[in-house]
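Scroll down for the structure; my scribbles are underneath it.
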Amino acid sequence: MQEQLKWPGYERWRSSSILNTVNRFLSKLRSPYVLVPRFRYDRDMVSPEQVYNFELLLSGLFLRQVPGDLAELGCYTGGTAVVIGSMIKRYDPSRTFHVYDRFDMDPHGRTDIEKSFRANMRTFDLPIPLIHKGDLRDTVPSELSGPIAFAHIDCGFGGPVEEHASLVQHCLESLYPLLSPGAILALMDYHVPGITRLGFNANPGSRIGADRFFADKPEKILPLYGGACSHAYVLKE
């Protein structure tokens with residue numbers, strides 16, 4: 001039996017004895033509701049639902065033996081990088097994992113983002129990915145190489161929507177030709193009202209930029225249910 005995936009902050013999602021007691025009481029009352037911890041945007045970098053989605057997408061990719069490395073464009077302190085790295089460790093440690101980030105943009109006041117990233121990888125006993133430090137407009141595509149089996153774009157920065165949309169397009173233009181047939185491309189913050197349901201529209205530029213890029217491509221963007229967060233994926237033809 002596979003070990004359950006863990007990520008920075010996963011402990012918060014373990015049901016406490018108090019929460020279990022309340023939920024048992026609600027069940028006896030035939031309540032249609034279940035209490036769960038509230039997602040905190042100032043602390044949680046990835047939702048449990050997103051973690052489960054990554055696990056499903058990546059396990060399928062490895063089992064299909066799609067060739068190529070894995071890349072994350074925008075990794076911040078490593079919330080999703082830990083999940084991706086854990087799946088590489090589980091299925092194919094020979095794969096190279098690349099991360100791209102400026103490591104200098106932090107809305108939550110952390111003073112050393114790269115240090116936090118490295119610490120999170122070590123906490124979960126994972127090798128440090130190949131780090132490409134710098135602005136994505138400089139490191140992508142100059143430091144990208146193919147083939148790529150899996151890519152995750154998470155470059156939201158809370159700035160102007162059009163600036164973010166343009167950056168997402170830039171990343172997609174660089175990544176798309178390098179994706180292997182059958183590769184998975186995941187898009188953080190891709191929000192579709194009524195479909196991604198509870199997901200927060202944290203960075204509208206993600207969907208705007210992705211929709212523009214894929215407007216004339218054969219692939220379709222498929223939204224995923226991510227609980228309090230929104231994301232989507234594309235399967236490369």
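Note on naming: chains are A, B, ... as they come in the structure tokens, residues start from 1 per chain, ligands start from 1 in the order shown.
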Using DSSP assignments from the backbone, pull out every residue in chain A that falls under strand (DSSP E) and give it to me as a compact mmCIF listing (two decimals) with C-alpha atoms, in the first residue's frame.
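What follows is the written file selection-v5.txt:
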# COMPACT_ATOMS: atom_id res chain seq x y z
CA ASP A 69 11.61 15.67 -17.25
CA LEU A 70 9.25 17.53 -14.92
CA ALA A 71 9.15 21.30 -14.54
CA GLU A 72 7.42 23.81 -12.30
CA LEU A 73 7.29 27.44 -13.39
CA PHE A 97 12.82 17.97 -11.69
CA HIS A 98 13.35 21.62 -12.68
CA VAL A 99 11.91 24.58 -10.78
CA TYR A 100 11.86 28.19 -11.97
CA ASP A 101 11.26 31.14 -9.68
CA LEU A 130 17.44 21.73 -10.31
CA ILE A 131 16.80 25.39 -9.47
CA HIS A 132 16.62 28.06 -12.19
CA LYS A 133 16.60 31.34 -10.29
CA ILE A 148 9.01 17.45 -20.81
CA ALA A 149 6.54 14.93 -19.41
CA PHE A 150 4.89 17.18 -16.84
CA ALA A 151 4.81 20.93 -16.31
CA HIS A 152 3.04 23.05 -13.73
CA ILE A 153 2.55 26.78 -14.29
CA LEU A 179 5.89 18.62 -24.20
CA SER A 180 5.96 14.92 -25.08
CA PRO A 181 2.85 13.34 -26.59
CA GLY A 182 0.73 12.37 -23.60
CA ALA A 183 2.40 14.94 -21.35
CA ILE A 184 0.41 16.72 -18.63
CA LEU A 185 0.35 20.49 -18.28
CA ALA A 186 -1.21 21.76 -15.06
CA LEU A 187 -2.42 25.36 -14.64
CA MET A 188 -2.73 26.83 -11.16
CA LEU A 222 -9.99 20.69 -18.48
CA PRO A 223 -10.89 22.36 -15.16
CA LEU A 224 -10.43 20.35 -12.00
CA TYR A 225 -12.25 20.52 -8.69
CA GLY A 226 -9.66 21.79 -6.23
CA CYS A 229 -8.42 26.53 -4.95
CA SER A 230 -8.83 26.49 -8.70
CA HIS A 231 -6.72 24.68 -11.28
CA ALA A 232 -6.95 22.79 -14.56
CA TYR A 233 -4.90 20.55 -16.81
CA VAL A 234 -4.17 19.84 -20.46
CA LEU A 235 -3.25 16.48 -22.01
Might you pull out every residue within 9 Å of range 209-217 of chain A, with only C-alpha atoms counted and same-chain residues fewer than 5 positions away left off, and present them as a ChimeraX atom specification?
/A:162,164-170,172-173,187,190,204
Write out as an NGL selection string all residues of range 102-208 of chain A that backbone DSSP assigns to alpha helix (DSSP H).
:A and (113-123 or 136-139 or 161-175 or 205-208)
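For the atom pair formed by CA of Pro177 in chain A and CA of Thr139 in chain A, the distance is 16.2 Å, given to one decimal.
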Work out how far apart CA of Leu175 in chain A and CA of Gly68 in chain A are and give it in Å to one decimal.
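Atom-to-atom, CA of Leu175 in chain A to CA of Gly68 in chain A, that is 12.3 Å.
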Near range 125-129 of chain A, counting only C-alpha atoms, which residues have an atom at most 9 Å away, once you skip same-chain residues fewer than 6 positions from it, shown as a PyMOL selection string?
chain A and resi 81-82+85-86+89+96-99+117-118
With N, CA and C atoms retained, export the selected residues as a PDB file, in the first residue's frame.
ATOM      1  N   ALA A  81       5.744  21.658  -5.126  1.00  0.00           N
ATOM      2  CA  ALA A  81       7.006  20.997  -5.479  1.00  0.00           C
ATOM      3  C   ALA A  81       7.237  19.766  -4.615  1.00  0.00           C
ATOM      4  N   VAL A  82       6.841  19.832  -3.347  1.00  0.00           N
ATOM      5  CA  VAL A  82       6.956  18.671  -2.466  1.00  0.00           C
ATOM      6  C   VAL A  82       6.091  17.529  -2.984  1.00  0.00           C
ATOM      7  N   GLY A  85       7.762  16.275  -6.239  1.00  0.00           N
ATOM      8  CA  GLY A  85       8.977  15.549  -5.886  1.00  0.00           C
ATOM      9  C   GLY A  85       8.698  14.210  -5.231  1.00  0.00           C
ATOM     10  N   SER A  86       7.653  14.145  -4.406  1.00  0.00           N
ATOM     11  CA  SER A  86       7.281  12.891  -3.753  1.00  0.00           C
ATOM     12  C   SER A  86       6.833  11.850  -4.777  1.00  0.00           C
ATOM     13  N   LYS A  89       9.903  10.539  -6.564  1.00  0.00           N
ATOM     14  CA  LYS A  89      10.594   9.592  -5.672  1.00  0.00           C
ATOM     15  C   LYS A  89       9.866   8.252  -5.642  1.00  0.00           C
ATOM     16  N   THR A  96      14.530  14.109 -13.904  1.00  0.00           N
ATOM     17  CA  THR A  96      15.027  15.392 -13.412  1.00  0.00           C
ATOM     18  C   THR A  96      13.850  16.335 -13.186  1.00  0.00           C
ATOM     19  N   PHE A  97      13.866  17.018 -12.063  1.00  0.00           N
ATOM     20  CA  PHE A  97      12.815  17.967 -11.694  1.00  0.00           C
ATOM     21  C   PHE A  97      13.420  19.371 -11.700  1.00  0.00           C
ATOM     22  N   HIS A  98      12.881  20.236 -12.555  1.00  0.00           N
ATOM     23  CA  HIS A  98      13.347  21.616 -12.678  1.00  0.00           C
ATOM     24  C   HIS A  98      12.335  22.563 -12.044  1.00  0.00           C
ATOM     25  N   VAL A  99      12.802  23.542 -11.300  1.00  0.00           N
ATOM     26  CA  VAL A  99      11.908  24.583 -10.782  1.00  0.00           C
ATOM     27  C   VAL A  99      12.449  25.950 -11.185  1.00  0.00           C
ATOM     28  N   PHE A 117      12.040  27.202   0.638  1.00  0.00           N
ATOM     29  CA  PHE A 117      11.821  26.157  -0.364  1.00  0.00           C
ATOM     30  C   PHE A 117      12.735  24.962  -0.098  1.00  0.00           C
ATOM     31  N   ARG A 118      14.017  25.226   0.076  1.00  0.00           N
ATOM     32  CA  ARG A 118      14.972  24.147   0.315  1.00  0.00           C
ATOM     33  C   ARG A 118      14.652  23.408   1.620  1.00  0.00           C
TER      34      ARG A 118
END
All residues 9 Å or closer to range 75-79 of chain A, only C-alpha atoms, same chain fewer than 5 positions away omitted, as number ranges by chain
A: 7-9, 44-46, 99-106, 113-121, 152-155
Write the residues of the preceding selection, restricted to C-alpha atoms, as a short mmCIF file (atom, residue, chain, number, x, y, z; two decimals), in the first residue's frame.
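So the final result, stored in part.cif, reads:
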data_model
loop_
_atom_site.label_atom_id
_atom_site.label_comp_id
_atom_site.auth_asym_id
_atom_site.auth_seq_id
_atom_site.Cartn_x
_atom_site.Cartn_y
_atom_site.Cartn_z
CA TRP A 7 2.99 18.41 1.94
CA PRO A 8 3.84 21.54 3.96
CA GLY A 9 0.93 22.14 6.32
CA ASP A 44 -1.98 27.07 2.76
CA MET A 45 -0.24 26.92 -0.60
CA VAL A 46 -2.15 23.93 -1.97
CA VAL A 99 11.91 24.58 -10.78
CA TYR A 100 11.86 28.19 -11.97
CA ASP A 101 11.26 31.14 -9.68
CA ARG A 102 12.54 34.60 -8.79
CA PHE A 103 12.40 33.76 -5.07
CA ASP A 104 11.98 37.44 -4.23
CA MET A 105 8.21 38.03 -4.38
CA ASP A 106 6.38 37.24 -1.15
CA ILE A 113 11.86 32.29 0.04
CA GLU A 114 14.55 30.07 -1.48
CA LYS A 115 15.73 29.05 1.99
CA SER A 116 12.14 28.11 2.89
CA PHE A 117 11.82 26.16 -0.36
CA ARG A 118 14.97 24.15 0.31
CA ALA A 119 13.93 23.54 3.93
CA ASN A 120 10.54 22.18 2.84
CA MET A 121 12.15 19.75 0.40
CA HIS A 152 3.04 23.05 -13.73
CA ILE A 153 2.55 26.78 -14.29
CA ASP A 154 1.99 28.69 -11.06
CA CYS A 155 3.28 32.18 -11.75
#
Identify which of the residues A:Ala228, A:Leu26, A:Ala202, A:Leu63 lies closest to Gly158 in chain A, counting only C-alpha atoms when measuring atom-to-atom distances.
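The closest residue to Gly158 in chain A is A:Ala202.
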Hey, which of A:Val34, A:Asn20, A:Thr111, A:Glu55 ends up closest to Tyr91 in chain A? Count only C-alpha atoms.
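For Tyr91 in chain A, the nearest of the given residues is A:Glu55.
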Could you name the residues that touch Leu5 in chain A at 10 Å or less, counting only C-alpha atoms, but leaving out those on the same chain fewer than 3 positions away, as a PyMOL selection string?
chain A and resi 2+10+48+51-52+55+82-84+86-87
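With only C-alpha atoms as the atoms that count, the residue of A:Leu57, A:Thr123, A:Phe200, A:Tyr176 with the shortest distance to Tyr41 in chain A is A:Phe200.
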As an exercise, work out the distance from CA of Phe62 in chain A to CA of Gly74 in chain A in Å and give it to one decimal place.
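Separation between CA of Phe62 in chain A and CA of Gly74 in chain A: 22.4 Å.
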Near Arg197 in chain A, counting only C-alpha atoms, which residues have an atom at most 8 Å away, once you skip same-chain residues fewer than 4 positions from it, shown as an mmCIF file with C-alpha atoms, in the first residue's frame?
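Contents of part_21.cif, as written:
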data_model
loop_
_atom_site.group_PDB
_atom_site.id
_atom_site.type_symbol
_atom_site.label_atom_id
_atom_site.label_comp_id
_atom_site.auth_asym_id
_atom_site.auth_seq_id
_atom_site.Cartn_x
_atom_site.Cartn_y
_atom_site.Cartn_z
ATOM 1 C CA VAL A 192 -14.279 28.835 -14.185
ATOM 2 C CA PRO A 193 -17.293 30.051 -12.172
ATOM 3 C CA TYR A 225 -12.255 20.520 -8.689
ATOM 4 C CA GLY A 227 -11.731 22.610 -3.179
#
